>>> print(open('structure-v6.cif').read())   # mmCIF, C-alpha atoms and all ligand atoms
data_structure
#
loop_
_atom_site.label_atom_id
_atom_site.label_comp_id
_atom_site.auth_asym_id
_atom_site.auth_seq_id
_atom_site.Cartn_x
_atom_site.Cartn_y
_atom_site.Cartn_z
CA MET A 189 0.00 0.00 0.00
CA LYS A 190 1.29 3.48 -0.90
CA VAL A 191 0.47 5.93 1.87
CA LEU A 192 0.57 9.71 2.21
CA LEU A 193 0.63 11.09 5.77
CA ILE A 194 -0.30 14.74 6.19
CA GLY A 195 1.46 16.72 8.94
CA SER A 196 4.86 17.54 10.41
CA GLY A 197 4.68 17.26 14.21
CA GLY A 198 5.64 14.72 16.84
CA ARG A 199 2.25 13.05 16.45
CA GLU A 200 2.93 12.52 12.77
CA HIS A 201 6.48 11.27 13.36
CA ALA A 202 5.09 8.67 15.77
CA LEU A 203 2.43 7.64 13.23
CA ALA A 204 5.03 7.51 10.44
CA TRP A 205 7.35 5.37 12.57
CA LYS A 206 4.55 2.89 13.25
CA ILE A 207 3.16 2.92 9.69
CA ALA A 208 6.69 2.29 8.38
CA ALA A 209 6.75 -0.97 10.36
CA SER A 210 3.69 -2.31 8.53
CA PRO A 211 4.37 -5.30 6.25
CA VAL A 212 1.68 -4.09 3.82
CA LEU A 213 3.37 -0.71 3.27
CA THR A 214 5.21 -0.28 -0.04
CA GLN A 215 5.97 3.45 0.17
CA LEU A 216 5.33 6.18 2.72
CA PHE A 217 5.20 9.86 1.78
CA CYS A 218 4.87 12.63 4.35
CA ALA A 219 3.70 16.13 3.55
CA PRO A 220 5.46 18.21 4.60
CA GLY A 221 7.12 15.98 7.24
CA ASN A 222 10.21 16.80 9.31
CA PRO A 223 13.82 15.58 9.57
CA GLY A 224 12.84 12.75 11.93
CA MET A 225 10.14 11.53 9.57
CA ALA A 226 12.63 11.66 6.69
CA ALA A 227 14.36 8.66 8.25
CA VAL A 228 11.28 6.47 7.66
CA ALA A 229 9.46 8.22 4.79
CA ASP A 230 9.85 10.35 1.68
CA CYS A 231 9.05 13.93 2.69
CA VAL A 232 7.39 16.05 0.02
CA PRO A 233 7.04 19.83 0.30
CA LEU A 234 3.27 20.03 -0.13
CA ASP A 235 1.10 22.52 1.73
CA PRO A 236 -1.74 20.69 3.57
CA ALA A 237 -3.95 23.73 2.81
CA ASP A 238 -3.52 23.22 -0.95
CA HIS A 239 -6.09 20.47 -1.52
CA ALA A 240 -5.70 20.51 -5.30
CA ALA A 241 -1.93 19.97 -5.06
CA ILE A 242 -2.38 17.11 -2.61
CA THR A 243 -5.00 15.44 -4.79
CA ALA A 244 -2.77 15.81 -7.85
CA PHE A 245 0.19 14.34 -5.97
CA CYS A 246 -1.89 11.31 -4.96
CA ARG A 247 -2.94 10.73 -8.57
CA GLU A 248 0.57 11.14 -10.00
CA ASN A 249 2.10 8.84 -7.42
CA ALA A 250 -0.69 6.24 -7.26
CA VAL A 251 -1.21 6.85 -3.53
CA ASP A 252 -3.69 4.29 -2.16
CA PHE A 253 -4.41 5.82 1.21
CA VAL A 254 -4.08 9.22 2.91
CA VAL A 255 -3.82 9.65 6.68
CA ILE A 256 -4.52 13.19 7.93
CA GLY A 257 -2.77 14.08 11.20
CA PRO A 258 -3.69 17.65 12.26
CA GLU A 259 -7.10 19.26 12.80
CA ALA A 260 -6.79 22.27 10.50
CA PRO A 261 -6.92 20.31 7.19
CA LEU A 262 -9.82 18.23 8.54
CA VAL A 263 -11.85 21.29 9.49
CA ALA A 264 -10.99 22.75 6.05
CA GLY A 265 -12.46 19.67 4.31
CA LEU A 266 -9.34 17.95 2.96
CA ALA A 267 -10.86 14.51 3.58
CA ASP A 268 -13.97 15.44 1.55
CA ASP A 269 -11.91 16.70 -1.39
CA LEU A 270 -9.75 13.57 -1.46
CA ARG A 271 -12.77 11.26 -1.21
CA ALA A 272 -14.47 13.19 -4.01
CA ALA A 273 -11.40 12.36 -6.11
CA GLY A 274 -11.82 8.66 -5.29
CA ILE A 275 -8.91 8.48 -2.82
CA SER A 276 -9.25 6.47 0.40
CA VAL A 277 -8.72 8.64 3.51
CA PHE A 278 -8.42 8.22 7.27
CA GLY A 279 -10.03 11.28 8.86
CA PRO A 280 -13.46 12.83 9.28
CA SER A 281 -15.37 14.92 6.78
CA LYS A 282 -15.59 18.67 7.27
CA ALA A 283 -19.11 18.25 8.66
CA ALA A 284 -17.98 15.59 11.15
CA ALA A 285 -14.89 17.63 12.13
CA ARG A 286 -17.28 20.24 13.57
CA LEU A 287 -16.94 18.15 16.74
CA GLU A 288 -13.54 19.81 17.09
CA GLY A 289 -14.04 22.92 14.94
CA SER A 290 -16.97 24.30 16.95
CA LYS A 291 -17.27 23.89 20.69
CA GLY A 292 -20.83 25.23 20.47
CA PHE A 293 -21.76 22.52 17.94
CA THR A 294 -20.47 19.82 20.29
CA LYS A 295 -22.27 21.23 23.32
CA ASP A 296 -25.54 21.36 21.36
CA LEU A 297 -24.99 17.75 20.26
CA CYS A 298 -24.44 16.75 23.91
CA ALA A 299 -27.62 18.52 24.97
CA ARG A 300 -29.68 16.94 22.19
CA PHE A 301 -28.41 13.37 22.60
CA GLY A 302 -28.02 13.27 26.39
CA ILE A 303 -24.21 13.12 26.48
CA PRO A 304 -22.88 14.10 29.93
CA THR A 305 -20.96 17.38 29.94
CA GLY A 306 -20.97 20.67 31.88
CA ASP A 307 -23.90 23.11 31.62
CA TYR A 308 -23.29 25.85 29.07
CA GLN A 309 -24.58 28.74 27.00
CA ARG A 310 -23.44 30.05 23.59
CA PHE A 311 -23.01 33.80 23.00
CA SER A 312 -22.32 36.05 20.03
CA GLU A 313 -22.17 39.25 22.11
CA ALA A 314 -20.24 40.25 25.22
CA GLY A 315 -23.10 41.76 27.26
CA PRO A 316 -25.28 38.65 27.62
CA ALA A 317 -22.18 36.46 28.13
CA LYS A 318 -21.13 38.65 31.06
CA ASP A 319 -24.62 38.66 32.55
CA TYR A 320 -24.64 34.86 32.40
CA ILE A 321 -21.21 34.69 34.08
CA ARG A 322 -22.37 37.06 36.87
CA SER A 323 -25.46 34.93 37.41
CA LYS A 324 -23.45 31.69 37.61
CA GLY A 325 -20.42 32.96 39.56
CA VAL A 326 -16.91 31.48 39.55
CA PRO A 327 -15.16 29.18 38.93
CA ILE A 328 -16.37 29.17 35.34
CA VAL A 329 -14.88 28.39 31.95
CA VAL A 330 -14.84 30.73 28.93
CA LYS A 331 -14.02 29.28 25.50
CA ALA A 332 -13.61 30.67 22.00
CA ASP A 333 -15.93 28.61 19.79
CA GLY A 334 -13.48 27.77 17.00
CA LEU A 335 -9.95 26.37 16.57
CA ALA A 336 -7.48 28.37 18.66
CA ALA A 337 -4.53 25.96 18.92
CA GLY A 338 -5.37 25.11 22.53
CA LYS A 339 -5.19 28.77 23.60
CA GLY A 340 -8.86 29.74 23.45
CA VAL A 341 -9.82 28.41 26.90
CA VAL A 342 -9.79 30.34 30.17
CA VAL A 343 -10.59 28.50 33.38
CA ALA A 344 -11.47 31.49 35.55
CA PHE A 345 -11.41 31.46 39.34
CA GLY A 346 -12.04 35.20 39.59
CA LEU A 347 -14.99 37.14 38.16
CA GLU A 348 -12.78 39.80 36.52
CA GLU A 349 -10.71 37.12 34.80
CA ALA A 350 -13.86 35.55 33.36
CA LEU A 351 -15.24 38.89 32.15
CA ASP A 352 -11.85 39.81 30.64
CA ALA A 353 -11.78 36.48 28.79
CA VAL A 354 -15.10 37.35 27.16
CA ASP A 355 -13.72 40.72 26.04
CA ALA A 356 -10.52 39.11 24.73
CA CYS A 357 -12.54 36.73 22.56
CA PHE A 358 -14.82 39.38 21.12
CA ASP A 359 -11.91 41.81 20.67
CA GLY A 360 -10.36 39.31 18.28
CA ALA A 361 -7.66 37.65 20.43
CA PHE A 362 -8.41 34.39 18.58
CA GLY A 363 -9.47 35.87 15.25
CA GLY A 364 -12.55 34.28 13.71
CA ALA A 365 -12.42 31.46 16.28
CA GLY A 366 -13.64 33.93 18.93
CA ALA A 367 -16.63 35.32 17.01
CA GLU A 368 -18.73 33.12 19.26
CA VAL A 369 -18.08 32.27 22.90
CA VAL A 370 -19.14 29.27 24.96
CA VAL A 371 -19.40 29.77 28.72
CA GLU A 372 -19.51 26.53 30.64
CA GLU A 373 -19.64 24.97 34.05
CA TYR A 374 -16.34 24.24 35.78
CA LEU A 375 -15.90 20.49 36.17
CA GLU A 376 -13.88 18.99 38.98
CA GLY A 377 -12.03 15.70 38.84
CA GLU A 378 -9.14 13.96 37.12
CA GLU A 379 -8.61 14.53 33.40
CA ALA A 380 -7.97 11.76 30.91
CA SER A 381 -7.56 11.47 27.16
CA PHE A 382 -9.60 8.68 25.60
CA PHE A 383 -9.23 7.66 21.97
CA CYS A 384 -11.56 5.74 19.66
CA LEU A 385 -11.20 4.62 16.07
CA CYS A 386 -14.47 5.21 14.21
CA ASP A 387 -15.75 4.18 10.81
CA GLY A 388 -19.04 6.06 10.62
CA ARG A 389 -21.00 3.32 12.41
CA THR A 390 -18.67 1.49 14.78
CA ALA A 391 -16.38 3.03 17.38
CA ILE A 392 -13.72 0.95 19.12
CA PRO A 393 -11.61 2.06 22.09
CA PHE A 394 -8.08 2.94 21.02
CA GLY A 395 -6.14 3.65 24.16
CA THR A 396 -6.00 6.05 27.06
CA ALA A 397 -3.44 8.62 28.18
CA GLN A 398 -2.93 11.59 30.42
CA ASP A 399 -1.07 14.66 29.35
CA HIS A 400 0.45 17.63 31.13
CA LYS A 401 -0.94 20.78 29.52
CA ARG A 402 0.71 23.35 31.78
CA VAL A 403 4.18 24.62 30.97
CA GLY A 404 5.54 24.40 34.51
CA GLU A 405 6.36 21.70 37.03
CA GLY A 406 3.57 20.75 39.40
CA ASP A 407 1.12 21.52 36.56
CA THR A 408 1.50 25.28 36.97
CA GLY A 409 1.80 28.16 34.52
CA VAL A 410 0.13 28.72 31.18
CA ASN A 411 -1.54 26.08 29.03
CA THR A 412 0.48 24.59 26.17
CA GLY A 413 -0.23 21.99 23.51
CA GLY A 414 1.11 19.44 26.00
CA MET A 415 4.49 19.07 27.75
CA GLY A 416 4.39 15.31 28.16
CA ALA A 417 2.08 12.31 28.46
CA TYR A 418 1.87 8.73 29.58
CA SER A 419 -0.32 5.77 28.72
CA PRO A 420 -2.40 4.08 29.98
CA ALA A 421 -4.30 6.54 32.21
CA PRO A 422 -4.75 4.70 35.53
CA VAL A 423 -8.15 6.38 36.06
CA MET A 424 -9.46 4.76 32.85
CA THR A 425 -10.22 1.31 34.22
CA ASP A 426 -12.04 -1.23 32.03
CA ALA A 427 -15.28 -0.27 33.78
CA MET A 428 -14.69 3.44 33.13
CA ILE A 429 -13.91 2.76 29.46
CA GLU A 430 -17.07 0.69 29.13
CA ARG A 431 -19.12 3.47 30.74
CA THR A 432 -17.54 6.14 28.54
CA MET A 433 -18.35 4.10 25.42
CA ARG A 434 -21.97 3.65 26.50
CA GLU A 435 -22.68 7.15 27.85
CA LEU A 436 -20.57 9.36 25.57
CA ILE A 437 -19.08 7.72 22.50
CA GLU A 438 -22.00 5.60 21.30
CA PRO A 439 -24.59 8.41 21.59
CA THR A 440 -22.13 10.68 19.76
CA MET A 441 -21.81 8.17 16.91
CA ARG A 442 -25.60 7.79 16.70
CA GLY A 443 -26.12 11.55 16.91
CA MET A 444 -23.62 12.36 14.19
CA ALA A 445 -25.19 9.76 11.89
CA GLU A 446 -28.63 11.19 12.62
CA LEU A 447 -27.40 14.70 11.74
CA GLY A 448 -26.22 13.34 8.39
CA SER A 449 -22.51 13.62 9.24
CA PRO A 450 -21.41 10.15 10.41
CA PHE A 451 -18.04 10.25 12.15
CA SER A 452 -15.04 8.35 10.84
CA GLY A 453 -11.46 8.86 11.96
CA THR A 454 -10.08 9.34 15.46
CA LEU A 455 -12.51 10.55 18.09
CA PHE A 456 -10.42 11.91 20.96
CA ALA A 457 -12.50 12.65 24.03
CA GLY A 458 -10.99 14.98 26.61
CA LEU A 459 -12.69 13.69 29.76
CA MET A 460 -13.13 14.88 33.30
CA ILE A 461 -13.64 11.89 35.56
CA THR A 462 -15.89 13.44 38.20
CA SER A 463 -17.47 11.89 41.27
CA ASP A 464 -20.55 11.36 39.04
CA GLY A 465 -18.59 9.60 36.30
CA PRO A 466 -17.10 10.68 32.98
CA ARG A 467 -18.00 14.15 31.62
CA LEU A 468 -16.99 15.46 28.24
CA ILE A 469 -14.65 18.47 28.32
CA GLU A 470 -14.15 18.54 24.57
CA TYR A 471 -13.83 16.40 21.49
CA ASN A 472 -10.92 16.45 19.09
CA THR A 473 -11.28 14.75 15.74
CA ARG A 474 -7.67 13.60 15.36
CA PHE A 475 -4.99 11.93 17.41
CA GLY A 476 -3.54 13.76 20.41
CA ASP A 477 -0.12 15.32 20.47
CA PRO A 478 1.87 14.14 22.48
CA GLU A 479 -0.52 11.30 23.40
CA THR A 480 0.00 9.53 20.05
CA GLN A 481 3.69 9.18 20.77
CA VAL A 482 2.97 6.98 23.81
CA LEU A 483 0.11 5.11 22.13
CA MET A 484 2.28 4.13 19.14
CA LEU A 485 5.00 2.84 21.44
CA ARG A 486 2.45 0.56 23.15
CA LEU A 487 0.45 -0.61 20.12
CA LYS A 488 1.13 -4.24 19.19
CA ASP A 489 -0.99 -4.36 16.04
CA ASP A 490 -0.43 -2.99 12.56
CA ILE A 491 -1.59 0.66 12.66
CA LEU A 492 -1.96 0.81 8.90
CA LEU A 493 -4.46 -2.07 8.81
CA LEU A 494 -6.43 -0.47 11.66
CA LEU A 495 -6.59 2.97 10.02
CA LYS A 496 -7.57 1.39 6.68
CA ALA A 497 -10.30 -0.65 8.39
CA ALA A 498 -11.67 2.61 9.83
CA ALA A 499 -11.64 4.23 6.38
CA ASP A 500 -13.32 1.15 4.85
CA GLY A 501 -16.11 0.85 7.42
CA ALA A 502 -14.71 -2.47 8.66
CA LEU A 503 -13.90 -1.78 12.31
CA ASP A 504 -16.37 -4.46 13.46
CA GLN A 505 -13.82 -6.96 12.11
CA VAL A 506 -10.70 -5.85 14.01
CA SER A 507 -9.34 -6.04 17.52
CA VAL A 508 -6.58 -3.99 19.11
CA ARG A 509 -3.83 -5.28 21.36
CA TRP A 510 -1.57 -3.18 23.57
CA ASN A 511 1.67 -3.82 25.35
CA ALA A 512 0.84 -3.99 29.05
CA GLU A 513 3.95 -1.91 29.80
CA PRO A 514 3.28 1.81 30.20
CA ALA A 515 4.95 4.41 28.01
CA LEU A 516 5.83 8.01 28.79
CA THR A 517 6.94 10.92 26.65
CA VAL A 518 8.71 14.11 27.69
CA VAL A 519 8.43 17.13 25.41
CA MET A 520 11.60 19.15 24.91
CA ALA A 521 10.57 22.68 23.97
CA ALA A 522 12.45 25.72 22.73
CA ARG A 523 13.12 28.46 25.29
CA GLY A 524 10.24 30.95 25.20
CA TYR A 525 7.53 28.34 24.45
CA PRO A 526 4.57 28.75 24.32
CA ALA A 527 4.51 32.56 23.93
CA ALA A 528 7.55 33.13 21.69
CA PRO A 529 9.78 30.09 21.14
CA GLU A 530 13.31 30.89 19.95
CA LYS A 531 14.12 29.24 16.65
CA GLY A 532 17.42 28.23 15.14
CA SER A 533 19.44 26.82 18.06
CA VAL A 534 21.53 23.74 17.23
CA ILE A 535 20.64 20.35 18.74
CA ARG A 536 23.31 17.66 18.94
CA GLY A 537 23.44 14.01 19.88
CA VAL A 538 19.82 13.03 19.19
CA ASP A 539 20.48 9.84 17.22
CA ALA A 540 23.17 8.60 19.60
CA ALA A 541 20.95 9.36 22.63
CA ALA A 542 18.22 7.07 21.33
CA ALA A 543 20.48 4.18 20.34
CA GLY A 544 19.52 0.95 22.11
CA GLY A 545 16.97 0.59 24.89
CA ASP A 546 13.23 1.07 25.05
CA VAL A 547 13.23 4.64 23.78
CA GLU A 548 12.29 6.53 20.63
CA ILE A 549 12.91 10.22 20.01
CA PHE A 550 10.18 11.71 17.84
CA HIS A 551 10.81 15.00 16.09
CA ALA A 552 8.24 17.81 16.23
CA GLY A 553 9.56 21.32 15.47
CA THR A 554 12.95 20.46 13.99
CA ALA A 555 14.66 21.44 10.75
CA LEU A 556 18.00 20.81 9.05
CA ARG A 557 20.27 23.81 8.45
CA ASN A 558 23.63 23.24 6.76
CA GLY A 559 23.44 19.60 7.79
CA GLU A 560 22.79 20.40 11.45
CA LEU A 561 19.57 19.75 13.35
CA VAL A 562 18.02 22.98 14.65
CA ALA A 563 14.93 23.97 16.64
CA ASN A 564 12.19 25.18 14.33
CA GLY A 565 9.10 25.41 16.53
CA GLY A 566 7.81 25.45 20.10
CA ARG A 567 7.66 21.76 20.89
CA VAL A 568 10.81 20.32 19.34
CA LEU A 569 11.52 16.73 20.46
CA ASN A 570 9.45 14.05 22.19
CA VAL A 571 11.59 11.61 24.16
CA THR A 572 9.39 8.55 24.47
CA ALA A 573 10.18 5.48 26.56
CA SER A 574 8.47 2.37 27.85
CA GLY A 575 9.18 0.43 31.03
CA ARG A 576 7.75 -2.03 33.55
CA SER A 577 6.29 0.94 35.42
CA VAL A 578 5.69 4.61 34.72
CA SER A 579 8.63 5.42 37.01
CA GLU A 580 10.91 3.15 34.99
CA ALA A 581 9.74 4.69 31.68
CA GLN A 582 10.28 8.14 33.19
CA LYS A 583 13.80 7.23 34.31
CA THR A 584 14.72 6.03 30.80
CA ALA A 585 13.26 9.17 29.20
CA TYR A 586 15.21 11.52 31.49
CA GLU A 587 18.45 9.52 31.11
CA THR A 588 18.04 9.85 27.34
CA ILE A 589 17.41 13.60 27.59
CA ALA A 590 20.62 13.96 29.59
CA ARG A 591 22.51 12.67 26.53
CA ILE A 592 21.01 15.31 24.22
CA ASP A 593 23.12 18.43 23.82
CA TRP A 594 20.69 21.35 23.49
CA PRO A 595 21.30 24.17 25.99
CA GLU A 596 18.48 26.30 24.51
CA GLY A 597 15.84 23.66 25.18
CA PHE A 598 13.78 23.06 28.32
CA TYR A 599 11.47 20.35 29.61
CA ARG A 600 9.44 19.49 32.69
CA ARG A 601 11.15 17.17 35.16
CA ASP A 602 7.97 15.74 36.65
CA ILE A 603 6.13 14.17 33.71
CA GLY A 604 3.99 11.30 35.01
CA TRP A 605 4.04 12.47 38.64
CA ARG A 606 0.41 11.57 39.30
CA ALA A 607 0.80 8.00 38.02
CA ILE A 608 4.11 7.62 39.86
CA GLU A 609 2.49 8.73 43.13
CA ARG A 610 -0.14 6.03 42.58
CA GLU A 611 2.55 3.42 41.92
CA ARG A 612 4.23 4.34 45.20
CA SER A 613 1.10 4.28 47.33
P1 LIG B 701 -9.72 22.33 26.10
O1 LIG B 701 -8.87 23.07 25.09
O2 LIG B 701 -11.18 22.47 25.90
O3 LIG B 701 -9.24 20.90 26.28
O4 LIG B 701 -9.40 23.00 27.50
C1 LIG B 701 -8.08 23.13 27.96
C2 LIG B 701 -8.04 22.73 29.40
O5 LIG B 701 -8.89 23.58 30.16
C3 LIG B 701 -8.54 21.32 29.67
O6 LIG B 701 -7.57 20.36 29.48
C4 LIG B 701 -8.97 21.44 31.11
O7 LIG B 701 -7.86 21.32 31.97
C5 LIG B 701 -9.48 22.85 31.20
N1 LIG B 701 -10.95 22.86 31.04
C6 LIG B 701 -11.65 23.04 29.90
N2 LIG B 701 -12.96 22.99 30.14
C7 LIG B 701 -13.12 22.78 31.46
C8 LIG B 701 -14.25 22.66 32.33
N3 LIG B 701 -15.50 22.74 31.86
N4 LIG B 701 -14.01 22.44 33.63
C9 LIG B 701 -12.74 22.38 34.11
N5 LIG B 701 -11.65 22.51 33.36
C10 LIG B 701 -11.82 22.71 32.04
N1 LIG B 702 -2.49 16.94 23.87
C1 LIG B 702 -3.76 17.48 23.62
C2 LIG B 702 -4.13 17.61 22.21
O1 LIG B 702 -3.57 17.00 21.32
O2 LIG B 702 -5.09 18.34 21.94
#
>>> encode(input="structure-v6.cif", output="structure tokens")
Amino acid sequence: MKVLLIGSGGREHALAWKIAASPVLTQLFCAPGNPGMAAVADCVPLDPADHAAITAFCRENAVDFVVIGPEAPLVAGLADDLRAAGISVFGPSKAAARLEGSKGFTKDLCARFGIPTGDYQRFSEAGPAKDYIRSKGVPIVVKADGLAAGKGVVVAFGLEEALDAVDACFDGAFGGAGAEVVVEEYLEGEEASFFCLCDGRTAIPFGTAQDHKRVGEGDTGVNTGGMGAYSPAPVMTDAMIERTMRELIEPTMRGMAELGSPFSGTLFAGLMITSDGPRLIEYNTRFGDPETQVLMLRLKDDILLLLKAAADGALDQVSVRWNAEPALTVVMAARGYPAAPEKGSVIRGVDAAAAGGDVEIFHAGTALRNGELVANGGRVLNVTASGRSVSEAQKTAYETIARIDWPEGFYRRDIGWRAIERERS
């Protein structure tokens, strides 16, 4: 099978690494890819926003199957355009990607189909949003409706902060994504990332993880795309997974089909496990980053066959097996991330650091400059290890990081702390 993978982050490097191990693969292209992906695939300088160019490339190169990594091309309808050209795709349609592209759409779906989530209201003007916030009090959560790269959410513990968040959205802090605002109930509990593969009718569980969204140790500081993750999430017991499938995922699949936009691709539920059970925080319609890095390290089966089964509507015929050993990934970021990451610093020793042992280093924001590896984004490397316990995986990851020579990079030293505390108690 000839495959084209769209994207260039750590998530896509992990997918490329796993797809490259598939016996049915004949050639893997990545667009645009990164220097890490170039070790396992042919990187082609295509812009994921240029649907015509991607379609033409698939035709010229007899690509059998396209896997779309990031959310932006999904929300822009790349999967629809490829399918219209007769090309098999893993990833939801534009209409189904509204589950990620509009928080208001998802909240309305939850309300209509009885999917447990926090109470909410949608607003297109500041005044009524502020009145609602005053009537509800704090803590409360203010969200830009559209895609804001993880930055459009304010969990406010003070009234002023909540009111300011409303103004920021309507003043254009998130561009078009903030033209509408969702104000929602603050949920208390432990967060978990839960993944399902979906084919329009069937959804099957596809792993659990927990990530660390805050930039600082002890889960403090500003939100980021994710500074590290581990899998499985201890809070997602078999019983909790079964309940999440029954109460959230299956009604979502039925609801989307009823609305005429059946969901196929990855359904990634951001969950709050409250004292009343799982509540939906948000849906994403793609794999998580950096969660995918730990999932791919643990997956025993052929990812390519699973993704193709999802695209072909054949998920009722597959099963998924995981390594029992946990995996953990630490994100190495460029100084200044997330506000203003410094680009261009030289990184040495990456390949040697990963040699031998249960560790893979996935590239995210890297580039080659005069033959040297340099930082080219906020999140730069994902050092991903497995072990008999989360503590052992963590130890391997940090020992590997110590062998990487990159003074301009930083990382959190406590990734996995919650799971490690559980292991010790
Ligand atoms: P999101 O981008 O929607 O995943 O939100 C980013 C982060 O904000 C989540 O990972 C949660 O930690 C937090 N968050 C979002 N919505 C809520 C909520 N309703 N209650 C509590 N925390 C929330
Ligand atoms: N790590 C969270 C996300 O991918 O949205």
>>> residues_near_ligand(input="structure-v6.cif", ligand="ligand LIG 701 (chain B)", cutoff="9 Å", atoms="all atoms listed in the file", output="ChimeraX atom specification")
/A:291,305-308,327-331,336-343,371-377,379-380,399-402,411-413,458-460,467-472
>>> residues_around(input="structure-v6.cif", residues="A:Ile549", least_positions_apart="4", cutoff="9 Å", atoms="all atoms listed in the file", output="ChimeraX atom specification")
/A:224,517,538-539,541-542,569-573,588
>>> residues_around(input="structure-v6.cif", residues="stretch 478-481 of chain A", least_positions_apart="3", cutoff="6 Å", atoms="only C-alpha atoms", output="list in words")
Arg199, Ala202, Ala417 and Met484 of chain A
>>> residues_around(input="structure-v6.cif", residues="stretch 593-603 of chain A", least_positions_apart="2", cutoff="8 Å", atoms="only C-alpha atoms", output="list of chain:residue names")
A:His400, A:Val403, A:Gly404, A:Glu405, A:Gly406, A:Met415, A:Gly416, A:Ala417, A:Leu516, A:Thr517, A:Val518, A:Val519, A:Met520, A:Ala521, A:Ala522, A:Arg523, A:Ser533, A:Val534, A:Ile535, A:Arg536, A:Gly537, A:Val538, A:Gln582, A:Tyr586, A:Ala590, A:Arg591, A:Trp605
>>> closest_atom_pairs(input="structure-v6.cif", of="stretch 228-326 of chain A", to="stretch 485-508 of chain A", cutoff="9 Å", atoms="only C-alpha atoms", output="JSON lines")
{"residue": "A:Phe253", "atom": "CA", "partner": "A:Lys496", "partner_atom": "CA", "distance": 7.7}
{"residue": "A:Val255", "atom": "CA", "partner": "A:Leu495", "partner_atom": "CA", "distance": 8.0}
{"residue": "A:Ser276", "atom": "CA", "partner": "A:Ala499", "partner_atom": "CA", "distance": 6.8}
{"residue": "A:Val277", "atom": "CA", "partner": "A:Ala499", "partner_atom": "CA", "distance": 6.0}
{"residue": "A:Phe278", "atom": "CA", "partner": "A:Ala499", "partner_atom": "CA", "distance": 5.2}
{"residue": "A:Gly279", "atom": "CA", "partner": "A:Ala499", "partner_atom": "CA", "distance": 7.6}
>>> closest_residue(input="structure-v6.cif", among="A:Pro526, A:Pro280, A:Pro316, A:Gly395", to="A:Pro450", atoms="all atoms listed in the file")
A:Pro280
>>> atom_distance(input="structure-v6.cif", atom1="atom CA of A:Asp319", atom2="atom CA of A:Phe362")
21.8 Å
>>> atom_distance(input="structure-v6.cif", atom1="atom CA of A:Val562", atom2="atom CA of A:Gly532")
5.3 Å
>>> closest_residue(input="structure-v6.cif", among="A:Val251, A:Leu436, A:Leu455, A:Ala285", to="A:Ala264", atoms="all atoms listed in the file")
A:Ala285
>>> closest_residue(input="structure-v6.cif", among="A:Glu349, A:Glu288, A:Glu435, A:Glu530", to="ligand LIG 702 (chain B)", atoms="all atoms listed in the file")
A:Glu288
>>> atom_distance(input="structure-v6.cif", atom1="atom CA of A:Arg612", atom2="atom CA of A:Ala421")
15.7 Å
>>> closest_residue(input="structure-v6.cif", among="A:Pro211, A:Gly221, A:Pro529, A:Pro258", to="ligand LIG 702 (chain B)", atoms="only C-alpha atoms and all ligand atoms")
A:Pro258
>>> closest_residue(input="structure-v6.cif", among="A:Pro233, A:Gly325, A:Pro514, A:Gly257", to="ligand LIG 702 (chain B)", atoms="only C-alpha atoms and all ligand atoms")
A:Gly257
>>> residues_around(input="structure-v6.cif", residues="A:Lys282", least_positions_apart="6", cutoff="9 Å", atoms="all atoms listed in the file", output="list in words")
Pro261, Leu262, Val263, Ala264, Gly265, Leu266, Ala267, Asp268, Gly289 and Ser449 of chain A
>>> write_last_selection(input="structure-v6.cif", atoms="C-alpha atoms", output="PDB file, in the coordinates of the input")
ATOM      1  CA  PRO A 261      -6.920  20.310   7.190  1.00  0.00           C
ATOM      2  CA  LEU A 262      -9.820  18.230   8.540  1.00  0.00           C
ATOM      3  CA  VAL A 263     -11.850  21.290   9.490  1.00  0.00           C
ATOM      4  CA  ALA A 264     -10.990  22.750   6.050  1.00  0.00           C
ATOM      5  CA  GLY A 265     -12.460  19.670   4.310  1.00  0.00           C
ATOM      6  CA  LEU A 266      -9.340  17.950   2.960  1.00  0.00           C
ATOM      7  CA  ALA A 267     -10.860  14.510   3.580  1.00  0.00           C
ATOM      8  CA  ASP A 268     -13.970  15.440   1.550  1.00  0.00           C
ATOM      9  CA  GLY A 289     -14.040  22.920  14.940  1.00  0.00           C
ATOM     10  CA  SER A 449     -22.510  13.620   9.240  1.00  0.00           C
TER      11      SER A 449
END
>>> closest_residue(input="structure-v6.cif", among="A:Ile256, A:Leu335, A:Ala391, A:Leu193", to="ligand LIG 702 (chain B)", atoms="only C-alpha atoms and all ligand atoms")
A:Leu335
>>> axis_aligned_box(input="structure-v6.cif", around="stretch 307-313 of chain A", padding_each_side="6 Å", output="AutoDock Vina command-line options")
--center_x -23.4 --center_y 31.2 --center_z 25.8 --size_x 14.4 --size_y 28.1 --size_z 23.6
>>> residues_around(input="structure-v6.cif", residues="A:Gly448", least_positions_apart="5", cutoff="9 Å", atoms="only C-alpha atoms", output="list in words")
Ala283, Ala284 and Gly443 of chain A
